[in-house]
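*Asks:* What follows is start10.cif; its format and atoms are mmCIF, C-alpha atoms.
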```
data_coords
loop_
_atom_site.group_PDB
_atom_site.id
_atom_site.type_symbol
_atom_site.label_atom_id
_atom_site.label_comp_id
_atom_site.auth_asym_id
_atom_site.auth_seq_id
_atom_site.Cartn_x
_atom_site.Cartn_y
_atom_site.Cartn_z
ATOM 1 C CA MET A 19 -24.512 -54.050 -0.265
ATOM 2 C CA THR A 20 -27.281 -51.900 1.186
ATOM 3 C CA ARG A 21 -26.412 -48.301 1.834
ATOM 4 C CA VAL A 22 -28.596 -45.502 3.174
ATOM 5 C CA LEU A 23 -27.626 -41.891 2.493
ATOM 6 C CA SER A 24 -28.701 -39.043 4.762
ATOM 7 C CA VAL A 25 -28.154 -35.328 4.115
ATOM 8 C CA VAL A 26 -28.542 -32.927 7.038
ATOM 9 C CA ASP A 27 -28.380 -29.116 7.195
ATOM 10 C CA GLU A 28 -26.714 -27.837 10.350
ATOM 11 C CA ARG A 29 -25.808 -24.438 11.737
ATOM 12 C CA PHE A 30 -23.137 -23.609 14.298
ATOM 13 C CA PRO A 31 -22.869 -20.089 15.775
ATOM 14 C CA ILE A 32 -19.618 -18.204 15.250
ATOM 15 C CA ALA A 33 -18.027 -16.534 18.270
ATOM 16 C CA GLY A 34 -18.805 -12.947 17.312
ATOM 17 C CA THR A 35 -18.675 -12.079 13.614
ATOM 18 C CA PHE A 36 -16.336 -13.407 10.924
ATOM 19 C CA THR A 37 -15.520 -10.806 8.257
ATOM 20 C CA ILE A 38 -13.534 -11.013 5.027
ATOM 21 C CA SER A 39 -13.360 -8.688 2.021
ATOM 22 C CA ARG A 40 -16.570 -10.168 0.576
ATOM 23 C CA GLY A 41 -18.772 -9.840 3.664
ATOM 24 C CA SER A 42 -19.567 -11.013 7.194
ATOM 25 C CA LYS A 43 -21.239 -14.031 8.789
ATOM 26 C CA THR A 44 -22.374 -14.950 12.287
ATOM 27 C CA GLU A 45 -22.907 -18.693 11.832
ATOM 28 C CA ALA A 46 -21.342 -21.585 9.974
ATOM 29 C CA GLU A 47 -23.857 -23.252 7.667
ATOM 30 C CA VAL A 48 -22.752 -26.813 6.939
ATOM 31 C CA ILE A 49 -24.150 -29.889 5.263
ATOM 32 C CA THR A 50 -23.394 -33.259 6.825
ATOM 33 C CA CYS A 51 -23.521 -36.386 4.707
ATOM 34 C CA GLU A 52 -23.996 -39.746 6.428
ATOM 35 C CA ILE A 53 -23.720 -43.092 4.649
ATOM 36 C CA ALA A 54 -24.899 -46.135 6.623
ATOM 37 C CA GLU A 55 -23.880 -49.671 5.667
ATOM 38 C CA SER A 56 -23.695 -52.941 7.622
ATOM 39 C CA GLY A 57 -24.443 -51.275 10.920
ATOM 40 C CA VAL A 58 -21.851 -48.476 10.722
ATOM 41 C CA ILE A 59 -22.073 -44.868 9.553
ATOM 42 C CA GLY A 60 -19.503 -42.820 7.653
ATOM 43 C CA ARG A 61 -19.732 -39.033 7.945
ATOM 44 C CA GLY A 62 -18.464 -36.061 5.993
ATOM 45 C CA GLU A 63 -19.081 -32.332 6.317
ATOM 46 C CA CYS A 64 -18.958 -29.555 3.754
ATOM 47 C CA VAL A 65 -19.439 -25.794 3.738
ATOM 48 C CA PRO A 66 -21.300 -24.392 0.703
ATOM 49 C CA TYR A 67 -19.519 -21.241 -0.518
ATOM 50 C CA LYS A 68 -21.306 -18.430 -2.310
ATOM 51 C CA ARG A 69 -18.104 -17.276 -4.032
ATOM 52 C CA TYR A 70 -18.272 -20.490 -6.091
ATOM 53 C CA GLY A 71 -21.996 -20.280 -6.771
ATOM 54 C CA GLU A 72 -22.951 -22.712 -4.008
ATOM 55 C CA THR A 73 -25.892 -22.495 -1.606
ATOM 56 C CA MET A 74 -27.134 -24.887 1.048
ATOM 57 C CA ALA A 75 -29.959 -25.885 -1.288
ATOM 58 C CA SER A 76 -27.791 -26.367 -4.387
ATOM 59 C CA VAL A 77 -25.238 -28.495 -2.540
ATOM 60 C CA ALA A 78 -27.948 -30.658 -0.976
ATOM 61 C CA GLU A 79 -29.530 -31.085 -4.413
ATOM 62 C CA ALA A 80 -26.181 -32.098 -5.957
ATOM 63 C CA ILE A 81 -25.868 -34.856 -3.360
ATOM 64 C CA GLU A 82 -29.460 -35.929 -3.951
ATOM 65 C CA GLN A 83 -28.809 -36.217 -7.689
ATOM 66 C CA ALA A 84 -26.060 -38.733 -6.914
ATOM 67 C CA ARG A 85 -28.096 -40.580 -4.270
ATOM 68 C CA ARG A 86 -28.926 -43.643 -6.371
ATOM 69 C CA ALA A 87 -25.324 -44.192 -7.426
ATOM 70 C CA ILE A 88 -24.038 -43.665 -3.885
ATOM 71 C CA GLU A 89 -26.564 -46.029 -2.339
ATOM 72 C CA ASN A 90 -25.799 -48.580 -5.059
ATOM 73 C CA GLY A 91 -22.148 -48.663 -4.031
ATOM 74 C CA ALA A 92 -20.331 -45.869 -5.908
ATOM 75 C CA SER A 93 -16.696 -45.700 -4.857
ATOM 76 C CA ARG A 94 -14.580 -42.638 -4.182
ATOM 77 C CA THR A 95 -13.024 -43.115 -7.614
ATOM 78 C CA ASP A 96 -16.495 -43.171 -9.165
ATOM 79 C CA LEU A 97 -17.319 -39.857 -7.487
ATOM 80 C CA VAL A 98 -14.628 -38.017 -9.442
ATOM 81 C CA THR A 99 -16.641 -38.473 -12.629
ATOM 82 C CA LEU A 100 -20.068 -38.717 -11.002
ATOM 83 C CA MET A 101 -19.946 -35.341 -9.247
ATOM 84 C CA SER A 102 -18.267 -32.006 -9.925
ATOM 85 C CA ALA A 103 -15.497 -30.689 -7.691
ATOM 86 C CA GLY A 104 -16.946 -28.674 -4.840
ATOM 87 C CA ALA A 105 -18.612 -28.877 -1.456
ATOM 88 C CA ALA A 106 -21.172 -31.575 -2.333
ATOM 89 C CA ARG A 107 -18.581 -34.063 -3.528
ATOM 90 C CA ASN A 108 -16.414 -33.275 -0.519
ATOM 91 C CA ALA A 109 -19.114 -34.304 1.953
ATOM 92 C CA VAL A 110 -19.752 -37.586 0.121
ATOM 93 C CA ASP A 111 -16.082 -38.394 -0.469
ATOM 94 C CA CYS A 112 -15.145 -37.852 3.183
ATOM 95 C CA ALA A 113 -18.145 -39.901 4.303
ATOM 96 C CA LEU A 114 -16.932 -42.759 2.101
ATOM 97 C CA TRP A 115 -13.405 -42.567 3.542
ATOM 98 C CA ASP A 116 -14.891 -42.732 7.045
ATOM 99 C CA LEU A 117 -17.236 -45.573 6.076
ATOM 100 C CA GLU A 118 -14.375 -47.632 4.583
ATOM 101 C CA ALA A 119 -12.351 -47.175 7.757
ATOM 102 C CA LYS A 120 -15.217 -48.372 9.938
ATOM 103 C CA LEU A 121 -16.126 -51.321 7.700
ATOM 104 C CA THR A 122 -12.560 -52.594 7.333
ATOM 105 C CA GLY A 123 -11.078 -51.596 10.669
ATOM 106 C CA VAL A 124 -8.225 -49.897 8.796
ATOM 107 C CA PRO A 125 -7.925 -46.228 9.821
ATOM 108 C CA VAL A 126 -7.618 -43.604 7.093
ATOM 109 C CA LYS A 127 -4.156 -42.679 8.359
ATOM 110 C CA ASP A 128 -2.984 -46.224 7.630
ATOM 111 C CA ARG A 129 -4.506 -46.151 4.148
ATOM 112 C CA LEU A 130 -2.518 -42.966 3.544
ATOM 113 C CA GLY A 131 0.682 -44.529 4.836
ATOM 114 C CA ILE A 132 0.923 -42.200 7.846
ATOM 115 C CA ALA A 133 2.125 -44.374 10.709
ATOM 116 C CA ALA A 134 1.974 -41.692 13.377
ATOM 117 C CA PRO A 135 0.299 -38.429 12.318
ATOM 118 C CA LEU A 136 1.539 -35.410 14.221
ATOM 119 C CA ALA A 137 -0.229 -32.559 15.925
ATOM 120 C CA LEU A 138 0.073 -29.510 13.669
ATOM 121 C CA GLU A 139 0.513 -25.811 14.289
ATOM 122 C CA THR A 140 -2.469 -24.021 12.758
ATOM 123 C CA ALA A 141 -2.867 -20.393 11.881
ATOM 124 C CA TYR A 142 -5.526 -18.429 13.755
ATOM 125 C CA THR A 143 -7.607 -16.031 11.670
ATOM 126 C CA LEU A 144 -8.201 -12.369 12.434
ATOM 127 C CA SER A 145 -11.310 -10.890 10.802
ATOM 128 C CA LEU A 146 -11.134 -7.870 8.528
ATOM 129 C CA GLY A 147 -11.804 -4.580 10.290
ATOM 130 C CA GLU A 148 -10.427 -1.137 10.903
ATOM 131 C CA PRO A 149 -6.749 -1.066 11.967
ATOM 132 C CA GLU A 150 -7.562 -0.414 15.636
ATOM 133 C CA ALA A 151 -10.027 -3.318 15.784
ATOM 134 C CA MET A 152 -7.592 -5.651 14.057
ATOM 135 C CA ALA A 153 -4.837 -4.594 16.449
ATOM 136 C CA ALA A 154 -7.121 -5.521 19.349
ATOM 137 C CA GLN A 155 -7.726 -8.974 17.833
ATOM 138 C CA ALA A 156 -3.985 -9.400 17.303
ATOM 139 C CA ARG A 157 -3.170 -8.309 20.838
ATOM 140 C CA ALA A 158 -5.618 -10.849 22.242
ATOM 141 C CA ASN A 159 -3.915 -13.587 20.229
ATOM 142 C CA ALA A 160 -0.324 -12.371 20.358
ATOM 143 C CA ALA A 161 0.814 -15.610 22.023
ATOM 144 C CA ARG A 162 -0.175 -17.598 18.946
ATOM 145 C CA PRO A 163 2.835 -18.323 16.706
ATOM 146 C CA LEU A 164 0.967 -17.950 13.386
ATOM 147 C CA LEU A 165 -1.802 -15.481 12.613
ATOM 148 C CA LYS A 166 -3.789 -15.263 9.388
ATOM 149 C CA VAL A 167 -4.865 -11.689 8.759
ATOM 150 C CA LYS A 168 -7.897 -10.966 6.595
ATOM 151 C CA ILE A 169 -7.302 -7.858 4.504
ATOM 152 C CA GLY A 170 -8.417 -6.685 1.068
ATOM 153 C CA GLY A 171 -9.239 -2.979 0.962
ATOM 154 C CA ASP A 172 -7.929 0.554 0.626
ATOM 155 C CA ASN A 173 -6.378 0.746 4.064
ATOM 156 C CA ASP A 174 -4.433 -2.497 4.136
ATOM 157 C CA ILE A 175 -0.998 -1.055 4.882
ATOM 158 C CA ALA A 176 -2.347 0.525 8.069
ATOM 159 C CA ARG A 177 -4.025 -2.756 8.991
ATOM 160 C CA ILE A 178 -0.828 -4.753 8.473
ATOM 161 C CA ARG A 179 1.269 -2.335 10.518
ATOM 162 C CA ALA A 180 -1.291 -2.320 13.326
ATOM 163 C CA VAL A 181 -1.289 -6.123 13.550
ATOM 164 C CA VAL A 182 2.522 -6.357 13.458
ATOM 165 C CA GLU A 183 2.820 -3.828 16.281
ATOM 166 C CA ALA A 184 0.184 -5.643 18.360
ATOM 167 C CA ALA A 185 1.615 -9.155 17.826
ATOM 168 C CA PRO A 186 5.329 -8.633 17.114
ATOM 169 C CA ASN A 187 6.345 -12.238 17.800
ATOM 170 C CA SER A 188 3.745 -13.906 15.561
ATOM 171 C CA ARG A 189 4.401 -14.943 11.977
ATOM 172 C CA LEU A 190 1.774 -13.556 9.619
ATOM 173 C CA ILE A 191 -0.155 -14.818 6.616
ATOM 174 C CA LEU A 192 -2.029 -12.065 4.794
ATOM 175 C CA ASP A 193 -5.226 -13.159 3.046
ATOM 176 C CA ALA A 194 -6.563 -10.511 0.656
ATOM 177 C CA ASN A 195 -9.387 -12.718 -0.715
ATOM 178 C CA GLU A 196 -8.898 -11.221 -4.212
ATOM 179 C CA GLY A 197 -9.142 -7.709 -2.757
ATOM 180 C CA TRP A 198 -6.042 -6.032 -4.206
ATOM 181 C CA ILE A 199 -5.656 -4.474 -7.659
ATOM 182 C CA ASP A 200 -2.791 -4.004 -10.106
ATOM 183 C CA THR A 201 -2.149 -0.450 -8.944
ATOM 184 C CA ASN A 202 -1.606 -1.228 -5.244
ATOM 185 C CA ILE A 203 -0.112 -4.705 -5.255
ATOM 186 C CA ALA A 204 3.542 -3.636 -5.609
ATOM 187 C CA GLU A 205 3.330 -1.209 -2.671
ATOM 188 C CA ASN A 206 1.454 -3.734 -0.544
ATOM 189 C CA LEU A 207 3.983 -6.468 -1.312
ATOM 190 C CA ALA A 208 6.865 -4.157 -0.437
ATOM 191 C CA THR A 209 5.290 -3.274 2.906
ATOM 192 C CA ALA A 210 4.603 -6.939 3.640
ATOM 193 C CA ALA A 211 8.249 -7.771 2.932
ATOM 194 C CA GLU A 212 9.470 -4.894 5.096
ATOM 195 C CA LEU A 213 7.374 -6.177 7.993
ATOM 196 C CA GLY A 214 8.488 -9.795 7.642
ATOM 197 C CA VAL A 215 5.192 -11.314 6.466
ATOM 198 C CA ALA A 216 5.549 -15.052 5.769
ATOM 199 C CA LEU A 217 2.948 -15.543 3.009
ATOM 200 C CA ILE A 218 0.304 -13.652 1.020
ATOM 201 C CA GLU A 219 -2.847 -15.445 -0.119
ATOM 202 C CA GLN A 220 -4.707 -14.638 -3.338
ATOM 203 C CA PRO A 221 -4.006 -10.913 -3.599
ATOM 204 C CA LEU A 222 -5.717 -10.497 -6.993
ATOM 205 C CA PRO A 223 -8.956 -11.879 -8.426
ATOM 206 C CA ALA A 224 -8.775 -15.357 -9.930
ATOM 207 C CA GLY A 225 -8.486 -14.956 -13.690
ATOM 208 C CA ALA A 226 -7.074 -11.432 -13.341
ATOM 209 C CA ASP A 227 -3.719 -12.337 -11.833
ATOM 210 C CA GLN A 228 -1.438 -12.252 -14.890
ATOM 211 C CA ILE A 229 0.651 -9.442 -13.394
ATOM 212 C CA LEU A 230 1.932 -11.902 -10.780
ATOM 213 C CA GLY A 231 4.082 -13.456 -13.501
ATOM 214 C CA ARG A 232 5.760 -10.126 -14.231
ATOM 215 C CA ILE A 233 6.456 -8.589 -10.830
ATOM 216 C CA PRO A 234 8.875 -9.570 -8.049
ATOM 217 C CA HIS A 235 7.624 -11.683 -5.152
ATOM 218 C CA PRO A 236 9.445 -10.307 -2.095
ATOM 219 C CA VAL A 237 6.990 -12.417 -0.077
ATOM 220 C CA PRO A 238 5.772 -15.829 -1.353
ATOM 221 C CA ILE A 239 2.318 -15.646 -2.942
ATOM 222 C CA CYS A 240 -0.219 -18.435 -2.447
ATOM 223 C CA ALA A 241 -3.112 -19.277 -4.776
ATOM 224 C CA ASP A 242 -6.476 -19.897 -3.139
ATOM 225 C CA GLU A 243 -9.473 -18.979 -5.299
ATOM 226 C CA SER A 244 -7.287 -19.636 -8.365
ATOM 227 C CA VAL A 245 -6.770 -23.325 -7.572
ATOM 228 C CA HIS A 246 -9.375 -26.005 -6.984
ATOM 229 C CA ILE A 247 -8.110 -29.254 -8.562
ATOM 230 C CA ALA A 248 -4.865 -30.667 -9.946
ATOM 231 C CA ALA A 249 -5.724 -29.606 -13.493
ATOM 232 C CA ASP A 250 -5.540 -25.937 -12.414
ATOM 233 C CA LEU A 251 -1.874 -26.071 -11.465
ATOM 234 C CA ALA A 252 -0.174 -25.794 -14.858
ATOM 235 C CA GLU A 253 -1.556 -22.301 -15.440
ATOM 236 C CA LEU A 254 -0.332 -21.094 -12.051
ATOM 237 C CA LYS A 255 3.372 -21.800 -12.617
ATOM 238 C CA GLY A 256 5.349 -18.580 -12.591
ATOM 239 C CA ARG A 257 2.529 -16.655 -10.900
ATOM 240 C CA TYR A 258 2.306 -18.348 -7.515
ATOM 241 C CA ASP A 259 4.770 -19.889 -5.108
ATOM 242 C CA ALA A 260 2.298 -21.927 -3.060
ATOM 243 C CA VAL A 261 -1.229 -23.310 -3.274
ATOM 244 C CA ASN A 262 -3.951 -23.432 -0.625
ATOM 245 C CA ILE A 263 -5.727 -26.790 -0.775
ATOM 246 C CA LYS A 264 -9.231 -26.898 0.684
ATOM 247 C CA LEU A 265 -11.379 -30.008 0.652
ATOM 248 C CA ASP A 266 -14.478 -27.992 -0.219
ATOM 249 C CA LYS A 267 -12.772 -26.677 -3.361
ATOM 250 C CA SER A 268 -11.161 -29.903 -4.513
ATOM 251 C CA GLY A 269 -14.272 -31.952 -3.849
ATOM 252 C CA GLY A 270 -12.954 -34.231 -1.148
ATOM 253 C CA LEU A 271 -9.856 -35.874 0.254
ATOM 254 C CA THR A 272 -9.380 -38.114 -2.800
ATOM 255 C CA ALA A 273 -8.971 -35.178 -5.198
ATOM 256 C CA ALA A 274 -7.087 -33.108 -2.604
ATOM 257 C CA LEU A 275 -4.416 -35.805 -2.281
ATOM 258 C CA GLU A 276 -3.904 -35.727 -6.047
ATOM 259 C CA LEU A 277 -3.707 -31.930 -5.977
ATOM 260 C CA ARG A 278 -1.184 -31.953 -3.132
ATOM 261 C CA ASP A 279 1.090 -34.501 -4.772
ATOM 262 C CA LYS A 280 1.043 -32.778 -8.162
ATOM 263 C CA ALA A 281 1.648 -29.386 -6.530
ATOM 264 C CA ARG A 282 4.736 -30.721 -4.801
ATOM 265 C CA ALA A 283 5.973 -32.296 -8.042
ATOM 266 C CA LEU A 284 5.669 -28.898 -9.737
ATOM 267 C CA GLY A 285 7.604 -27.131 -6.976
ATOM 268 C CA PHE A 286 4.770 -25.369 -5.163
ATOM 269 C CA GLN A 287 4.718 -25.042 -1.404
ATOM 270 C CA VAL A 288 1.570 -26.484 0.160
ATOM 271 C CA MET A 289 -0.901 -24.847 2.465
ATOM 272 C CA VAL A 290 -3.948 -26.743 3.711
ATOM 273 C CA GLY A 291 -6.841 -24.471 4.591
ATOM 274 C CA CYS A 292 -10.516 -24.593 5.445
ATOM 275 C CA MET A 293 -13.842 -22.845 5.371
ATOM 276 C CA VAL A 294 -15.460 -22.004 8.722
ATOM 277 C CA GLY A 295 -16.769 -25.420 9.758
ATOM 278 C CA THR A 296 -16.662 -27.909 12.603
ATOM 279 C CA SER A 297 -14.111 -30.524 13.611
ATOM 280 C CA LEU A 298 -15.766 -33.017 11.270
ATOM 281 C CA ALA A 299 -14.744 -30.869 8.299
ATOM 282 C CA MET A 300 -11.205 -30.348 9.650
ATOM 283 C CA ALA A 301 -10.490 -34.005 10.529
ATOM 284 C CA PRO A 302 -9.563 -35.292 7.043
ATOM 285 C CA ALA A 303 -7.691 -32.050 6.356
ATOM 286 C CA VAL A 304 -5.426 -32.660 9.370
ATOM 287 C CA LEU A 305 -4.240 -35.875 7.712
ATOM 288 C CA LEU A 306 -3.878 -34.129 4.331
ATOM 289 C CA ALA A 307 -1.810 -31.404 6.005
ATOM 290 C CA GLN A 308 0.877 -33.706 7.409
ATOM 291 C CA GLY A 309 4.121 -32.220 6.081
ATOM 292 C CA ALA A 310 2.513 -29.038 4.686
ATOM 293 C CA GLU A 311 4.462 -25.780 4.919
ATOM 294 C CA PHE A 312 1.413 -23.884 6.190
ATOM 295 C CA VAL A 313 -1.691 -25.137 8.001
ATOM 296 C CA ASP A 314 -4.880 -23.113 8.461
ATOM 297 C CA LEU A 315 -7.401 -25.412 10.140
ATOM 298 C CA ASP A 316 -8.801 -23.108 12.787
ATOM 299 C CA GLY A 317 -12.493 -23.385 11.852
ATOM 300 C CA PRO A 318 -13.598 -24.837 15.208
ATOM 301 C CA LEU A 319 -11.633 -22.167 17.099
ATOM 302 C CA LEU A 320 -13.836 -19.520 15.470
ATOM 303 C CA LEU A 321 -17.089 -21.182 16.574
ATOM 304 C CA ALA A 322 -19.070 -20.548 19.730
ATOM 305 C CA ARG A 323 -19.547 -24.320 19.929
ATOM 306 C CA ASP A 324 -18.097 -27.282 18.046
ATOM 307 C CA ARG A 325 -19.252 -30.854 17.569
ATOM 308 C CA SER A 326 -18.690 -33.343 20.351
ATOM 309 C CA PRO A 327 -16.462 -35.223 20.182
ATOM 310 C CA GLY A 328 -14.304 -32.802 18.249
ATOM 311 C CA LEU A 329 -10.654 -32.307 17.453
ATOM 312 C CA ILE A 330 -8.349 -31.516 20.345
ATOM 313 C CA TYR A 331 -6.840 -28.028 20.145
ATOM 314 C CA GLU A 332 -4.155 -27.017 22.613
ATOM 315 C CA GLY A 333 -3.285 -23.412 21.941
ATOM 316 C CA SER A 334 -2.528 -23.372 18.220
ATOM 317 C CA MET A 335 -1.761 -27.092 18.003
ATOM 318 C CA VAL A 336 -4.425 -29.371 16.527
ATOM 319 C CA SER A 337 -4.169 -33.126 17.082
ATOM 320 C CA PRO A 338 -5.074 -35.813 14.507
ATOM 321 C CA PRO A 339 -8.683 -37.030 14.654
ATOM 322 C CA LEU A 340 -9.715 -39.870 16.912
ATOM 323 C CA PRO A 341 -11.849 -42.629 15.310
ATOM 324 C CA GLU A 342 -14.885 -41.448 17.316
ATOM 325 C CA LEU A 343 -14.887 -38.286 15.212
ATOM 326 C CA TRP A 344 -13.710 -39.459 11.794
ATOM 327 C CA GLY A 345 -11.423 -41.881 10.022
#
```
Turn this file's structure into structure tokens for me.

*Replies:*
Amino acid sequence: MTRVLSVVDERFPIAGTFTISRGSKTEAEVITCEIAESGVIGRGECVPYKRYGETMASVAEAIEQARRAIENGASRTDLVTLMSAGAARNAVDCALWDLEAKLTGVPVKDRLGIAAPLALETAYTLSLGEPEAMAAQARANAARPLLKVKIGGDNDIARIRAVVEAAPNSRLILDANEGWIDTNIAENLATAAELGVALIEQPLPAGADQILGRIPHPVPICADESVHIAADLAELKGRYDAVNIKLDKSGGLTAALELRDKARALGFQVMVGCMVGTSLAMAPAVLLAQGAEFVDLDGPLLLARDRSPGLIYEGSMVSPPLPELWG
């Protein structure tokens, strides 16, 4: 076996500016891992995330540190102990899934036992802004059935009401990105329930969410920053109703499948989400998300340009990946 590993930094412009409670960005910075063997190439993409202490340089270095093992034939199972959960392992793990599919002729969907993966309805994300600006975003996307609304500040009730009025027929996910505090969460939850919100993501900071076990949940609450891998789940019981699984947090499709299955066994609803990346990052997540209660794989819709070939989006429906892209 002779493998050659390549690690490439890439940047894709965002259409406008993407803003959450922790800041704004105008481009998606991604790292693409390619593993060549026997004339074929497997690819995986990751998005380094500053919230978890990752940079483009640190993620590239983490892959480089594993280069010898990867080029000497490390398997996806080996990666779980060879590399830490996070963006670097995700890029390598997804590249190995893609490589296996190309070498064997067995698509990833078949390995996962998915005979006919379905197109999925994805949320579409509205950036954080003043209520009037968020209402304008909502109005422009009011035909979409599911909107994910970035909030996380002092004026959230006004923001929520503005979006509901502008897109009255859309279901809403509110994503506070750890931006609420103990003194406003009850009022915010009550308003969300009054307005028919479907789900609230990570209202409180990870590690400072104990109050969630003591207060009513008039709207289901989903863990995001609080959950990365399957071992995190036990501590979340009684605090959260759902978990948001992202490949860049779990460290790849292999670990994400374990997280999904254990979450279901423990009674959590499943959401499959993403960072802002290209279709290459979303492709394995579309297969992971088959059967999920909530899907948020709109990364390419937020970009000014995507990879080609990319995933096929028709409105808010995203189709499973074709082999030319991944898997």

*Asks:* Applied to the shown file, which residues does the PyMOL selection byres ((chain A and resi 237-252) around 8) return, written as an MDAnalysis selection string?

*Replies:* chainID A and resid 103 195:196 207 210:211 215:221 223:225 235:236 253:255 258:264 267:268 273:274 276:278 280:281

*Asks:* My list of candidates is A:Ser42, A:Gln83, A:Ser76, A:Thr296. Which is closest to Gly62 of chain A when distances are computed with only C-alpha atoms?

*Replies:*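 That would be A:Thr296, the residue with the smallest distance to Gly62 of chain A.
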
*Asks:* Using only C-alpha atoms, can you tell me which of A:Ala283, A:Leu305, A:Pro327, A:Arg40 comes closest to Ala133 of chain A?

*Replies:* A:Leu305

*Asks:* Skipping near chain neighbours, those fewer than 6 positions away, what residues fall within 12 Å of Thr35 of chain A using all atoms listed in the file, listed as a VMD selection string?

*Replies:* chain A and resid 41 to 46 143 to 147 294 320 to 322

*Asks:* Using only C-alpha atoms, please write the residues we just selected to a file, as a compact mmCIF listing (two decimals), in the frame of the given file.

*Replies:*
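That gives us again_19.txt:
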```
# COMPACT_ATOMS: atom_id res chain seq x y z
CA GLY A 41 -18.77 -9.84 3.66
CA SER A 42 -19.57 -11.01 7.19
CA LYS A 43 -21.24 -14.03 8.79
CA THR A 44 -22.37 -14.95 12.29
CA GLU A 45 -22.91 -18.69 11.83
CA ALA A 46 -21.34 -21.58 9.97
CA THR A 143 -7.61 -16.03 11.67
CA LEU A 144 -8.20 -12.37 12.43
CA SER A 145 -11.31 -10.89 10.80
CA LEU A 146 -11.13 -7.87 8.53
CA GLY A 147 -11.80 -4.58 10.29
CA VAL A 294 -15.46 -22.00 8.72
CA LEU A 320 -13.84 -19.52 15.47
CA LEU A 321 -17.09 -21.18 16.57
CA ALA A 322 -19.07 -20.55 19.73
```

*Asks:* Starting from the shown file, work through the PyMOL selection byres ((chain A and resi 101) around 12) and note down what comes out as number ranges by chain.

*Replies:* A: 77, 79-85, 87-88, 92-100, 102-111, 268-270, 273

*Asks:* Go through A:Glu52, A:Glu150, A:Asp200, A:Asp193 and flag the residue nearest Arg179 of chain A, using all atoms listed in the file for the distances.

*Replies:* A:Glu150

*Asks:* Any chance you could work out the residue set of the PyMOL selection byres ((chain A and resi 149) around 9) here, as a count of residues only?

*Replies:* 16

*Asks:* Using all atoms listed in the file, which of A:Ala137, A:Leu164, A:Leu298, A:Ala310 sits nearest Leu343 of chain A?

*Replies:*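 Among the listed residues, A:Leu298 lies closest to Leu343 of chain A.
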
*Asks:* Quick one, how far is atom CA of Thr73 of chain A from atom CA of Asp314 of chain A?

*Replies:*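 Atom CA of Asp314 of chain A lies 23.3 Å from atom CA of Thr73 of chain A.
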